[in-house]
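Reproduced below: entry.pdb, with PDB, C-alpha atoms and all ligand atoms.
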MODEL        1
ATOM      1  CA  MET A 273      57.563 128.659 -75.248
ATOM      2  CA  LYS A 274      60.899 129.103 -73.447
ATOM      3  CA  PHE A 275      62.076 126.766 -70.689
ATOM      4  CA  ALA A 276      64.824 126.638 -68.085
ATOM      5  CA  ASP A 277      66.556 123.951 -66.018
ATOM      6  CA  LEU A 278      67.828 125.530 -62.824
ATOM      7  CA  HIS A 279      69.365 122.544 -61.024
ATOM      8  CA  LEU A 280      72.408 120.998 -62.684
ATOM      9  CA  HIS A 281      75.699 119.441 -61.605
ATOM     10  CA  THR A 282      79.038 119.100 -63.406
ATOM     11  CA  GLN A 283      82.407 117.487 -62.732
ATOM     12  CA  PHE A 284      83.072 120.386 -60.372
ATOM     13  CA  SER A 285      81.008 118.371 -57.872
ATOM     14  CA  ASP A 286      79.491 114.940 -58.442
ATOM     15  CA  GLY A 287      78.153 115.276 -61.989
ATOM     16  CA  THR A 288      79.949 113.538 -64.854
ATOM     17  CA  PHE A 289      79.662 116.288 -67.491
ATOM     18  CA  THR A 290      82.184 119.021 -68.135
ATOM     19  CA  PRO A 291      80.606 122.494 -68.352
ATOM     20  CA  GLU A 292      80.933 122.333 -72.149
ATOM     21  CA  GLU A 293      79.176 118.949 -72.367
ATOM     22  CA  LEU A 294      76.434 120.217 -70.082
ATOM     23  CA  VAL A 295      75.774 123.244 -72.261
ATOM     24  CA  LEU A 296      75.762 121.113 -75.414
ATOM     25  CA  ARG A 297      73.142 118.862 -73.821
ATOM     26  CA  ALA A 298      71.145 121.890 -72.687
ATOM     27  CA  GLN A 299      71.151 123.158 -76.256
ATOM     28  CA  LYS A 300      69.980 119.772 -77.569
ATOM     29  CA  ALA A 301      67.207 119.788 -74.965
ATOM     30  CA  GLY A 302      66.077 123.157 -76.328
ATOM     31  CA  LEU A 303      66.601 125.058 -73.075
ATOM     32  CA  ALA A 304      66.726 128.856 -73.116
ATOM     33  CA  CYS A 305      68.365 129.223 -69.706
ATOM     34  CA  ILE A 306      70.326 127.054 -67.287
ATOM     35  CA  ALA A 307      71.730 127.471 -63.796
ATOM     36  CA  LEU A 308      74.731 125.556 -62.483
ATOM     37  CA  THR A 309      74.225 124.339 -58.912
ATOM     38  CA  ASP A 310      77.166 122.173 -57.958
ATOM     39  CA  HIS A 311      77.322 120.940 -54.357
ATOM     40  CA  ASP A 312      79.231 123.433 -52.191
ATOM     41  CA  SER A 313      81.084 124.735 -55.219
ATOM     42  CA  ILE A 314      81.080 127.655 -57.613
ATOM     43  CA  GLU A 315      84.257 126.707 -59.493
ATOM     44  CA  GLY A 316      82.396 125.508 -62.579
ATOM     45  CA  CYS A 317      80.453 128.737 -63.071
ATOM     46  CA  ALA A 318      83.046 130.635 -65.124
ATOM     47  CA  ARG A 319      83.463 127.874 -67.719
ATOM     48  CA  THR A 320      79.734 127.198 -67.883
ATOM     49  CA  ALA A 321      79.060 130.910 -68.343
ATOM     50  CA  ALA A 322      81.577 131.031 -71.199
ATOM     51  CA  ALA A 323      80.103 127.935 -72.862
ATOM     52  CA  CYS A 324      76.611 129.419 -72.563
ATOM     53  CA  ALA A 325      77.742 132.767 -73.975
ATOM     54  CA  ALA A 326      79.209 130.976 -76.999
ATOM     55  CA  VAL A 327      75.777 129.572 -77.909
ATOM     56  CA  LYS A 328      73.758 132.571 -76.664
ATOM     57  CA  MET A 329      72.129 130.649 -73.849
ATOM     58  CA  GLU A 330      71.183 132.458 -70.673
ATOM     59  CA  PHE A 331      73.220 131.410 -67.622
ATOM     60  CA  ILE A 332      72.655 131.858 -63.893
ATOM     61  CA  ALA A 333      75.613 131.283 -61.566
ATOM     62  CA  GLY A 334      74.543 129.154 -58.626
ATOM     63  CA  ALA A 335      75.457 126.548 -56.031
ATOM     64  CA  GLU A 336      73.683 123.970 -53.897
ATOM     65  CA  LEU A 337      74.773 124.430 -50.313
ATOM     66  CA  THR A 338      74.476 121.500 -47.922
ATOM     67  CA  ALA A 339      72.926 122.825 -44.740
ATOM     68  CA  GLU A 340      70.848 121.791 -41.748
ATOM     69  CA  HIS A 341      68.162 123.163 -39.514
ATOM     70  CA  LYS A 342      66.919 121.469 -36.339
ATOM     71  CA  ASP A 343      68.712 118.233 -37.285
ATOM     72  CA  THR A 344      67.112 118.167 -40.728
ATOM     73  CA  GLU A 345      69.422 118.211 -43.752
ATOM     74  CA  VAL A 346      68.353 120.828 -46.223
ATOM     75  CA  HIS A 347      69.933 121.810 -49.530
ATOM     76  CA  VAL A 348      69.829 125.528 -50.211
ATOM     77  CA  LEU A 349      70.244 126.703 -53.780
ATOM     78  CA  GLY A 350      71.868 130.076 -54.339
ATOM     79  CA  TYR A 351      71.179 131.883 -57.634
ATOM     80  CA  PHE A 352      72.835 134.957 -59.214
ATOM     81  CA  LEU A 353      75.854 134.517 -56.955
ATOM     82  CA  ASP A 354      78.831 136.822 -57.168
ATOM     83  CA  THR A 355      81.419 134.108 -57.730
ATOM     84  CA  GLU A 356      84.208 136.414 -56.595
ATOM     85  CA  ASN A 357      82.606 137.183 -53.253
ATOM     86  CA  GLN A 358      85.351 136.569 -50.692
ATOM     87  CA  THR A 359      83.111 135.533 -47.802
ATOM     88  CA  LEU A 360      81.328 133.015 -50.005
ATOM     89  CA  LEU A 361      84.627 131.629 -51.284
ATOM     90  CA  GLU A 362      86.018 131.308 -47.754
ATOM     91  CA  ARG A 363      82.959 129.483 -46.418
ATOM     92  CA  ILE A 364      82.820 127.210 -49.444
ATOM     93  CA  ASN A 365      86.528 126.392 -49.004
ATOM     94  CA  LYS A 366      85.848 125.340 -45.454
ATOM     95  CA  PHE A 367      83.017 123.010 -46.424
ATOM     96  CA  GLN A 368      85.039 121.574 -49.279
ATOM     97  CA  ALA A 369      87.777 120.728 -46.726
ATOM     98  CA  VAL A 370      85.099 118.982 -44.628
ATOM     99  CA  ARG A 371      84.018 116.987 -47.703
ATOM    100  CA  GLN A 372      87.620 115.956 -48.365
ATOM    101  CA  SER A 373      88.235 114.740 -44.813
ATOM    102  CA  ARG A 374      84.924 112.895 -44.931
ATOM    103  CA  ILE A 375      86.160 110.947 -47.978
ATOM    104  CA  ARG A 376      89.183 109.875 -45.918
ATOM    105  CA  GLU A 377      86.890 108.781 -43.082
ATOM    106  CA  MET A 378      84.652 106.827 -45.465
ATOM    107  CA  CYS A 379      87.680 105.054 -46.935
ATOM    108  CA  ALA A 380      88.997 104.253 -43.454
ATOM    109  CA  ALA A 381      85.610 102.728 -42.591
ATOM    110  CA  LEU A 382      85.661 100.699 -45.820
ATOM    111  CA  ASN A 383      89.223  99.554 -45.087
ATOM    112  CA  LYS A 384      88.070  98.316 -41.677
ATOM    113  CA  LEU A 385      85.505  96.202 -43.489
ATOM    114  CA  GLY A 386      88.308  94.730 -45.574
ATOM    115  CA  ILE A 387      87.611  96.807 -48.683
ATOM    116  CA  PRO A 388      90.922  98.261 -49.817
ATOM    117  CA  LEU A 389      89.785 101.576 -51.312
ATOM    118  CA  LYS A 390      92.331 104.379 -50.970
ATOM    119  CA  ALA A 391      91.209 107.972 -50.433
ATOM    120  CA  ASP A 392      93.717 109.038 -53.093
ATOM    121  CA  ALA A 393      91.930 106.843 -55.657
ATOM    122  CA  VAL A 394      88.694 108.682 -54.847
ATOM    123  CA  PHE A 395      90.376 112.082 -55.073
ATOM    124  CA  ALA A 396      91.985 111.159 -58.406
ATOM    125  CA  LEU A 397      88.631 110.072 -59.812
ATOM    126  CA  ALA A 398      86.738 113.068 -58.393
ATOM    127  CA  ASN A 399      89.378 115.593 -59.484
ATOM    128  CA  CYS A 400      87.367 118.387 -57.848
ATOM    129  CA  LYS A 401      87.330 120.282 -54.571
ATOM    130  CA  SER A 402      83.861 119.110 -53.603
ATOM    131  CA  PRO A 403      83.998 115.292 -53.531
ATOM    132  CA  GLY A 404      81.072 113.273 -52.203
ATOM    133  CA  ARG A 405      79.611 109.820 -51.825
ATOM    134  CA  PRO A 406      78.944 109.344 -55.554
ATOM    135  CA  HIS A 407      82.700 109.612 -56.155
ATOM    136  CA  VAL A 408      83.337 106.917 -53.540
ATOM    137  CA  ALA A 409      80.700 104.752 -55.232
ATOM    138  CA  ARG A 410      82.276 105.303 -58.651
ATOM    139  CA  ALA A 411      85.754 104.547 -57.297
ATOM    140  CA  LEU A 412      84.469 101.295 -55.758
ATOM    141  CA  VAL A 413      83.056 100.267 -59.145
ATOM    142  CA  LYS A 414      86.195 101.351 -61.005
ATOM    143  CA  GLU A 415      88.415  99.326 -58.669
ATOM    144  CA  LYS A 416      86.026  96.378 -59.104
ATOM    145  CA  LEU A 417      85.353  96.290 -55.381
ATOM    146  CA  ILE A 418      81.625  96.344 -56.063
ATOM    147  CA  THR A 419      79.481  95.727 -59.134
ATOM    148  CA  ASN A 420      77.380  98.896 -59.381
ATOM    149  CA  LEU A 421      76.696 102.316 -57.897
ATOM    150  CA  ASP A 422      73.387 101.381 -56.271
ATOM    151  CA  GLU A 423      75.001  98.509 -54.449
ATOM    152  CA  ALA A 424      77.704 100.854 -53.137
ATOM    153  CA  PHE A 425      75.045 103.063 -51.560
ATOM    154  CA  GLU A 426      72.895 100.171 -50.363
ATOM    155  CA  ARG A 427      75.714  98.244 -48.740
ATOM    156  CA  TYR A 428      78.036 100.927 -47.515
ATOM    157  CA  LEU A 429      77.275 104.572 -48.135
ATOM    158  CA  LYS A 430      73.687 105.406 -47.337
ATOM    159  CA  LYS A 431      72.716 106.681 -43.925
ATOM    160  CA  GLY A 432      73.044 103.981 -41.300
ATOM    161  CA  ARG A 433      75.354 101.786 -43.404
ATOM    162  CA  PRO A 434      78.876 101.007 -42.156
ATOM    163  CA  ALA A 435      80.807 103.511 -44.280
ATOM    164  CA  TRP A 436      78.307 106.337 -43.902
ATOM    165  CA  VAL A 437      79.920 109.385 -42.369
ATOM    166  CA  PRO A 438      77.843 112.412 -41.404
ATOM    167  CA  LYS A 439      78.888 115.776 -42.820
ATOM    168  CA  THR A 440      79.444 118.856 -40.722
ATOM    169  CA  LYS A 441      77.037 121.271 -42.330
ATOM    170  CA  MET A 442      76.444 124.967 -42.146
ATOM    171  CA  SER A 443      73.192 126.063 -40.601
ATOM    172  CA  ALA A 444      70.413 126.755 -43.092
ATOM    173  CA  LEU A 445      70.028 130.238 -41.666
ATOM    174  CA  GLU A 446      73.706 130.908 -42.276
ATOM    175  CA  SER A 447      73.429 129.565 -45.828
ATOM    176  CA  ILE A 448      70.636 132.047 -46.582
ATOM    177  CA  GLU A 449      72.664 134.892 -45.126
ATOM    178  CA  LEU A 450      75.767 133.761 -47.016
ATOM    179  CA  ILE A 451      73.878 133.674 -50.333
ATOM    180  CA  HIS A 452      72.337 137.088 -49.696
ATOM    181  CA  GLN A 453      75.623 138.748 -48.843
ATOM    182  CA  ALA A 454      77.006 137.321 -52.109
ATOM    183  CA  GLY A 455      74.214 139.062 -53.979
ATOM    184  CA  GLY A 456      72.127 135.942 -54.555
ATOM    185  CA  LEU A 457      68.656 134.579 -54.007
ATOM    186  CA  ALA A 458      68.203 131.623 -51.619
ATOM    187  CA  VAL A 459      65.913 128.772 -52.636
ATOM    188  CA  MET A 460      65.051 125.566 -50.788
ATOM    189  CA  ALA A 461      65.966 122.588 -52.992
ATOM    190  CA  HIS A 462      63.713 119.554 -53.535
ATOM    191  CA  PRO A 463      61.607 119.886 -50.359
ATOM    192  CA  GLY A 464      59.742 116.710 -51.278
ATOM    193  CA  LEU A 465      62.967 114.718 -51.296
ATOM    194  CA  ASN A 466      64.327 115.827 -47.934
ATOM    195  CA  ARG A 467      60.894 116.135 -46.279
ATOM    196  CA  THR A 468      61.712 119.562 -45.067
ATOM    197  CA  ASP A 469      58.190 121.019 -44.928
ATOM    198  CA  ASP A 470      58.288 121.569 -41.167
ATOM    199  CA  ILE A 471      61.188 123.959 -41.366
ATOM    200  CA  ILE A 472      59.851 126.106 -44.218
ATOM    201  CA  PRO A 473      58.340 128.788 -41.922
ATOM    202  CA  ASP A 474      61.653 129.230 -40.049
ATOM    203  CA  LEU A 475      63.542 129.624 -43.312
ATOM    204  CA  VAL A 476      60.974 132.056 -44.666
ATOM    205  CA  GLU A 477      61.472 134.074 -41.497
ATOM    206  CA  ALA A 478      65.231 134.027 -42.177
ATOM    207  CA  GLY A 479      64.690 135.461 -45.653
ATOM    208  CA  LEU A 480      64.287 132.433 -47.917
ATOM    209  CA  ASP A 481      63.403 133.745 -51.378
ATOM    210  CA  GLY A 482      62.046 130.701 -53.137
ATOM    211  CA  ILE A 483      61.257 127.030 -53.223
ATOM    212  CA  GLU A 484      62.048 124.380 -55.826
ATOM    213  CA  CYS A 485      58.556 123.200 -56.710
ATOM    214  CA  PHE A 486      59.527 121.236 -59.808
ATOM    215  CA  HIS A 487      62.131 118.497 -59.422
ATOM    216  CA  THR A 488      62.761 115.074 -60.925
ATOM    217  CA  LYS A 489      61.746 113.378 -57.701
ATOM    218  CA  HIS A 490      58.593 115.438 -57.138
ATOM    219  CA  SER A 491      55.313 113.882 -58.216
ATOM    220  CA  THR A 492      52.700 116.151 -59.823
ATOM    221  CA  VAL A 493      50.824 116.161 -56.519
ATOM    222  CA  MET A 494      53.973 117.211 -54.663
ATOM    223  CA  SER A 495      54.713 120.013 -57.128
ATOM    224  CA  GLU A 496      51.172 121.314 -56.725
ATOM    225  CA  ARG A 497      51.519 121.207 -52.962
ATOM    226  CA  TYR A 498      54.755 123.225 -53.086
ATOM    227  CA  LEU A 499      53.222 125.709 -55.501
ATOM    228  CA  GLU A 500      50.535 126.303 -52.871
ATOM    229  CA  ILE A 501      53.165 126.655 -50.153
ATOM    230  CA  ALA A 502      55.068 129.112 -52.355
ATOM    231  CA  GLU A 503      51.951 131.183 -52.805
ATOM    232  CA  LYS A 504      51.135 131.131 -49.111
ATOM    233  CA  HIS A 505      54.608 132.375 -48.131
ATOM    234  CA  HIS A 506      55.061 134.657 -51.165
ATOM    235  CA  LEU A 507      58.032 132.620 -52.363
ATOM    236  CA  LEU A 508      59.515 132.468 -55.836
ATOM    237  CA  VAL A 509      59.076 129.212 -57.747
ATOM    238  CA  THR A 510      61.998 127.324 -59.282
ATOM    239  CA  GLY A 511      62.573 123.938 -60.833
ATOM    240  CA  GLY A 512      65.244 121.744 -62.289
ATOM    241  CA  SER A 513      66.223 118.222 -63.175
ATOM    242  CA  ASP A 514      69.138 117.808 -60.703
ATOM    243  CA  CYS A 515      71.040 116.234 -63.584
ATOM    244  CA  HIS A 516      74.289 114.519 -62.542
ATOM    245  CA  GLY A 517      75.180 113.298 -66.027
ATOM    246  CA  PHE A 518      75.872 109.560 -66.058
ATOM    247  CA  SER A 519      76.501 109.284 -62.332
ATOM    248  CA  LYS A 520      72.805 108.524 -62.005
ATOM    249  CA  LYS A 521      71.073 106.252 -64.521
ATOM    250  CA  ALA A 522      70.513 108.588 -67.474
ATOM    251  CA  PRO A 523      71.267 112.285 -67.919
ATOM    252  CA  LEU A 524      68.230 114.163 -66.672
ATOM    253  CA  ILE A 525      68.955 117.579 -68.120
ATOM    254  CA  GLY A 526      65.836 119.071 -69.690
ATOM    255  CA  THR A 527      63.462 116.463 -68.215
ATOM    256  CA  VAL A 528      62.139 119.106 -65.828
ATOM    257  CA  LYS A 529      61.200 122.167 -67.847
ATOM    258  CA  LEU A 530      60.610 125.315 -65.856
ATOM    259  CA  PRO A 531      58.461 127.791 -67.812
ATOM    260  CA  TYR A 532      60.577 130.876 -68.450
ATOM    261  CA  GLY A 533      58.080 133.177 -66.702
ATOM    262  CA  HIS A 534      59.497 131.939 -63.395
ATOM    263  CA  VAL A 535      62.985 132.998 -64.499
ATOM    264  CA  GLU A 536      61.615 136.478 -65.267
ATOM    265  CA  LYS A 537      60.253 136.650 -61.715
ATOM    266  CA  LEU A 538      63.572 135.496 -60.274
ATOM    267  CA  LYS A 539      65.416 138.151 -62.259
ATOM    268  CA  ALA A 540      63.001 140.845 -61.128
ATOM    269  CA  ALA A 541      63.430 139.804 -57.475
ATOM    270  CA  HIS A 542      67.200 139.761 -57.883
ATOM    271  CA  LYS A 543      67.180 143.237 -59.413
ATOM    272  CA  LYS A 544      65.021 144.528 -56.575
ATOM    273  CA  ARG A 545      67.414 143.117 -53.984
ATOM    274  CA  LYS A 546      70.423 144.900 -55.527
TER     275      LYS A 546
HETATM  276  P1  LIG B 601      77.005 113.621 -50.382
HETATM  277  O1  LIG B 601      76.925 115.081 -50.725
HETATM  278  O2  LIG B 601      78.403 113.138 -50.350
HETATM  279  O3  LIG B 601      76.255 113.245 -49.129
HETATM  280  O4  LIG B 601      76.309 112.833 -51.578
HETATM  281  C1  LIG B 601      75.063 113.217 -52.009
HETATM  282  C2  LIG B 601      74.872 112.728 -53.409
HETATM  283  O5  LIG B 601      74.703 111.327 -53.387
HETATM  284  C3  LIG B 601      73.635 113.320 -54.083
HETATM  285  O6  LIG B 601      73.924 113.640 -55.428
HETATM  286  C4  LIG B 601      72.657 112.192 -54.020
HETATM  287  O7  LIG B 601      71.726 112.223 -55.054
HETATM  288  C5  LIG B 601      73.535 110.973 -54.117
HETATM  289  N1  LIG B 601      72.889 109.843 -53.468
HETATM  290  C6  LIG B 601      72.397 109.805 -52.213
HETATM  291  N2  LIG B 601      71.849 108.605 -51.945
HETATM  292  C7  LIG B 601      72.001 107.842 -53.081
HETATM  293  C8  LIG B 601      71.652 106.514 -53.457
HETATM  294  N3  LIG B 601      71.020 105.705 -52.601
HETATM  295  N4  LIG B 601      71.970 106.090 -54.712
HETATM  296  C9  LIG B 601      72.611 106.926 -55.568
HETATM  297  N5  LIG B 601      72.967 108.190 -55.282
HETATM  298  C10 LIG B 601      72.668 108.652 -54.055
HETATM  299 ZN    ZN B 602      74.932 115.376 -56.195
HETATM  300 FE    FE B 603      70.280 118.145 -53.331
HETATM  301 FE    FE B 604      71.504 118.653 -56.665
ENDMDL
END

Take the structure I supplied and represent it as structure tokens, if you would.
Amino acid sequence: MKFADLHLHTQFSDGTFTPEELVLRAQKAGLACIALTDHDSIEGCARTAAACAAVKMEFIAGAELTAEHKDTEVHVLGYFLDTENQTLLERINKFQAVRQSRIREMCAALNKLGIPLKADAVFALANCKSPGRPHVARALVKEKLITNLDEAFERYLKKGRPAWVPKTKMSALESIELIHQAGGLAVMAHPGLNRTDDIIPDLVEAGLDGIECFHTKHSTVMSERYLEIAEKHHLLVTGGSDCHGFSKKAPLIGTVKLPYGHVEKLKAAHKKRK
């Protein structure tokens, strides 16, 4: 049987793998198809596509857009994106600029607490346009200002902690529209993680195409629940590991195996939309 992993991050956001390393790992995990879904970024797609082509693995160009609806944060996955779409690139640029200024604000907050982390140290470590809290955590560890990544989140970076800075996000409805105009399909990421069930009907109304039923942090019961929700709203079903390389404990790539039949359905829906 063929399997896919449709939720993966690289160094182009907060993953630790290069596109080439990611594809090598995907091959070792026996995957037939992968999608790259970096946070608010599509820069890694070209290299990942090339690395996949070299080993005859199927590749889907994607992104994970940070959005919100009615004060709820929701991550919207875009699949089959035209990575040269100008509107998409412009909007992504804007949200990458927001991410960069947020890093400065987080460092300023840390400095106020007497922790001398410089924004430039975070940018140097991140070396990407879409930096986030995991880069701040890694920089804190690297500079020996804290002992481990978990502690960085627990003490400073998670919501409500002193160096937590909210992100200006695009509206979820806009993210769906943005993905559609770039030729893609819009899928709600890890609904069980963000507890976004309440907003599903609104997003369906706005044209949501699918829902990520299978995810590392979904229990079997949760996945079954989202499969039912998908059926009820006639949504496509996706799944992925949300692998961030070594920025989380162990690389997760291939630990969530989406049966390839779901990829066939995604491709058919994408073709129909064109
Ligand atoms: P950001 O986009 O900057 O808000 O950062 C989000 C990233 O931080 C995601 O990859 C999350 O999985 C990760 N993250 C959020 N909370 C924690 C935590 N408590 N420990 C480790 N990583 C976390
Ligand atoms: Zn991430
Ligand atoms: Fe996410
Ligand atoms: Fe993710």

Please identify all protein, DNA and RNA residues within 12 Å of ligand FE 604 (chain B), counting all atoms listed in the file, and report them as a PDB file with C-alpha atoms, keeping the file's coordinate frame.
ATOM      1  CA  ASP A 277      66.556 123.951 -66.018  1.00  0.00           C
ATOM      2  CA  LEU A 278      67.828 125.530 -62.824  1.00  0.00           C
ATOM      3  CA  HIS A 279      69.365 122.544 -61.024  1.00  0.00           C
ATOM      4  CA  LEU A 280      72.408 120.998 -62.684  1.00  0.00           C
ATOM      5  CA  HIS A 281      75.699 119.441 -61.605  1.00  0.00           C
ATOM      6  CA  THR A 282      79.038 119.100 -63.406  1.00  0.00           C
ATOM      7  CA  SER A 285      81.008 118.371 -57.872  1.00  0.00           C
ATOM      8  CA  ASP A 286      79.491 114.940 -58.442  1.00  0.00           C
ATOM      9  CA  GLY A 287      78.153 115.276 -61.989  1.00  0.00           C
ATOM     10  CA  ALA A 307      71.730 127.471 -63.796  1.00  0.00           C
ATOM     11  CA  LEU A 308      74.731 125.556 -62.483  1.00  0.00           C
ATOM     12  CA  THR A 309      74.225 124.339 -58.912  1.00  0.00           C
ATOM     13  CA  ASP A 310      77.166 122.173 -57.958  1.00  0.00           C
ATOM     14  CA  HIS A 311      77.322 120.940 -54.357  1.00  0.00           C
ATOM     15  CA  ASP A 312      79.231 123.433 -52.191  1.00  0.00           C
ATOM     16  CA  SER A 313      81.084 124.735 -55.219  1.00  0.00           C
ATOM     17  CA  GLY A 334      74.543 129.154 -58.626  1.00  0.00           C
ATOM     18  CA  ALA A 335      75.457 126.548 -56.031  1.00  0.00           C
ATOM     19  CA  GLU A 336      73.683 123.970 -53.897  1.00  0.00           C
ATOM     20  CA  LEU A 337      74.773 124.430 -50.313  1.00  0.00           C
ATOM     21  CA  THR A 338      74.476 121.500 -47.922  1.00  0.00           C
ATOM     22  CA  VAL A 346      68.353 120.828 -46.223  1.00  0.00           C
ATOM     23  CA  HIS A 347      69.933 121.810 -49.530  1.00  0.00           C
ATOM     24  CA  VAL A 348      69.829 125.528 -50.211  1.00  0.00           C
ATOM     25  CA  LEU A 349      70.244 126.703 -53.780  1.00  0.00           C
ATOM     26  CA  GLY A 350      71.868 130.076 -54.339  1.00  0.00           C
ATOM     27  CA  GLY A 404      81.072 113.273 -52.203  1.00  0.00           C
ATOM     28  CA  PRO A 406      78.944 109.344 -55.554  1.00  0.00           C
ATOM     29  CA  MET A 460      65.051 125.566 -50.788  1.00  0.00           C
ATOM     30  CA  ALA A 461      65.966 122.588 -52.992  1.00  0.00           C
ATOM     31  CA  HIS A 462      63.713 119.554 -53.535  1.00  0.00           C
ATOM     32  CA  PRO A 463      61.607 119.886 -50.359  1.00  0.00           C
ATOM     33  CA  LEU A 465      62.967 114.718 -51.296  1.00  0.00           C
ATOM     34  CA  ASN A 466      64.327 115.827 -47.934  1.00  0.00           C
ATOM     35  CA  GLU A 484      62.048 124.380 -55.826  1.00  0.00           C
ATOM     36  CA  HIS A 487      62.131 118.497 -59.422  1.00  0.00           C
ATOM     37  CA  THR A 488      62.761 115.074 -60.925  1.00  0.00           C
ATOM     38  CA  LYS A 489      61.746 113.378 -57.701  1.00  0.00           C
ATOM     39  CA  GLY A 511      62.573 123.938 -60.833  1.00  0.00           C
ATOM     40  CA  GLY A 512      65.244 121.744 -62.289  1.00  0.00           C
ATOM     41  CA  SER A 513      66.223 118.222 -63.175  1.00  0.00           C
ATOM     42  CA  ASP A 514      69.138 117.808 -60.703  1.00  0.00           C
ATOM     43  CA  CYS A 515      71.040 116.234 -63.584  1.00  0.00           C
ATOM     44  CA  HIS A 516      74.289 114.519 -62.542  1.00  0.00           C
ATOM     45  CA  GLY A 517      75.180 113.298 -66.027  1.00  0.00           C
ATOM     46  CA  LYS A 520      72.805 108.524 -62.005  1.00  0.00           C
ATOM     47  CA  LEU A 524      68.230 114.163 -66.672  1.00  0.00           C
ATOM     48  CA  ILE A 525      68.955 117.579 -68.120  1.00  0.00           C
TER      49      ILE A 525
END

Subject >> Atomic distance CA of Gly302 (chain A) - CA of Ala326 (chain A), expressed in Å with one decimal >> reply: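 Atom-to-atom, CA of Gly302 (chain A) to CA of Ala326 (chain A), that is 15.3 Å.
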
Original post:
Any chance you could work out the residue set of the PyMOL selection byres (((chain A and resi 385) around 12) and not hetatm) here, as a PyMOL selection string?
Top reply: chain A and resi 378-384+386-389+417+427-428+433-435

**OP:** Quick one: pull the distance between CA of Ala298 (chain A) and CA of Lys328 (chain A), Å, one decimal.
**Re:**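 Result for CA of Ala298 (chain A) versus CA of Lys328 (chain A): 11.7 Å, one decimal.
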
Box dimensions and centre (Å, one decimal) enclosing ligand LIG 601 (chain B), axis-aligned, 8 Å extra per side, as JSON:
{"center_x": 74.7, "center_y": 110.4, "center_z": -52.3, "size_x": 23.4, "size_y": 25.4, "size_z": 22.4}

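From CA of Gln372 (chain A) back to atom C7 of ligand LIG 601 (chain B), the distance works out to 18.2 Å.
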
**OP:** Apply the PyMOL selection byres (((chain A and resi 476) around 12) and not hetatm) to the displayed file and report the matching residues as a ChimeraX atom specification.
**Re:** /A:444-445,448,458-460,469-475,477-483,501-502,504-508

Selection from above, C-alpha atoms, as a PDB file, in the frame of the given file, can you write it?
ATOM      1  CA  ALA A 444      70.413 126.755 -43.092  1.00  0.00           C
ATOM      2  CA  LEU A 445      70.028 130.238 -41.666  1.00  0.00           C
ATOM      3  CA  ILE A 448      70.636 132.047 -46.582  1.00  0.00           C
ATOM      4  CA  ALA A 458      68.203 131.623 -51.619  1.00  0.00           C
ATOM      5  CA  VAL A 459      65.913 128.772 -52.636  1.00  0.00           C
ATOM      6  CA  MET A 460      65.051 125.566 -50.788  1.00  0.00           C
ATOM      7  CA  ASP A 469      58.190 121.019 -44.928  1.00  0.00           C
ATOM      8  CA  ASP A 470      58.288 121.569 -41.167  1.00  0.00           C
ATOM      9  CA  ILE A 471      61.188 123.959 -41.366  1.00  0.00           C
ATOM     10  CA  ILE A 472      59.851 126.106 -44.218  1.00  0.00           C
ATOM     11  CA  PRO A 473      58.340 128.788 -41.922  1.00  0.00           C
ATOM     12  CA  ASP A 474      61.653 129.230 -40.049  1.00  0.00           C
ATOM     13  CA  LEU A 475      63.542 129.624 -43.312  1.00  0.00           C
ATOM     14  CA  GLU A 477      61.472 134.074 -41.497  1.00  0.00           C
ATOM     15  CA  ALA A 478      65.231 134.027 -42.177  1.00  0.00           C
ATOM     16  CA  GLY A 479      64.690 135.461 -45.653  1.00  0.00           C
ATOM     17  CA  LEU A 480      64.287 132.433 -47.917  1.00  0.00           C
ATOM     18  CA  ASP A 481      63.403 133.745 -51.378  1.00  0.00           C
ATOM     19  CA  GLY A 482      62.046 130.701 -53.137  1.00  0.00           C
ATOM     20  CA  ILE A 483      61.257 127.030 -53.223  1.00  0.00           C
ATOM     21  CA  ILE A 501      53.165 126.655 -50.153  1.00  0.00           C
ATOM     22  CA  ALA A 502      55.068 129.112 -52.355  1.00  0.00           C
ATOM     23  CA  LYS A 504      51.135 131.131 -49.111  1.00  0.00           C
ATOM     24  CA  HIS A 505      54.608 132.375 -48.131  1.00  0.00           C
ATOM     25  CA  HIS A 506      55.061 134.657 -51.165  1.00  0.00           C
ATOM     26  CA  LEU A 507      58.032 132.620 -52.363  1.00  0.00           C
ATOM     27  CA  LEU A 508      59.515 132.468 -55.836  1.00  0.00           C
TER      28      LEU A 508
END

Subject >> Distance criterion (only C-alpha atoms and all ligand atoms): nearest to ligand ZN 602 (chain B) out of A:Phe275, A:Phe352, A:Phe331, A:Phe284 >> reply: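 The shortest atom-to-atom distance to ligand ZN 602 (chain B) comes from A:Phe284.
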
Can you list, as a CSV table (one decimal) with C-alpha atoms, in the coordinates of the input, the residues that the PyMOL selection byres (((chain A and resi 393) around 12) and not hetatm) selects here?
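Generated output (expr_38.csv):
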chain,number,residue,atom,x,y,z
A,375,ILE,CA,86.2,110.9,-48.0
A,376,ARG,CA,89.2,109.9,-45.9
A,379,CYS,CA,87.7,105.1,-46.9
A,388,PRO,CA,90.9,98.3,-49.8
A,389,LEU,CA,89.8,101.6,-51.3
A,390,LYS,CA,92.3,104.4,-51.0
A,391,ALA,CA,91.2,108.0,-50.4
A,392,ASP,CA,93.7,109.0,-53.1
A,394,VAL,CA,88.7,108.7,-54.8
A,395,PHE,CA,90.4,112.1,-55.1
A,396,ALA,CA,92.0,111.2,-58.4
A,397,LEU,CA,88.6,110.1,-59.8
A,398,ALA,CA,86.7,113.1,-58.4
A,399,ASN,CA,89.4,115.6,-59.5
A,403,PRO,CA,84.0,115.3,-53.5
A,407,HIS,CA,82.7,109.6,-56.2
A,408,VAL,CA,83.3,106.9,-53.5
A,409,ALA,CA,80.7,104.8,-55.2
A,410,ARG,CA,82.3,105.3,-58.7
A,411,ALA,CA,85.8,104.5,-57.3
A,412,LEU,CA,84.5,101.3,-55.8
A,413,VAL,CA,83.1,100.3,-59.1
A,414,LYS,CA,86.2,101.4,-61.0
A,415,GLU,CA,88.4,99.3,-58.7
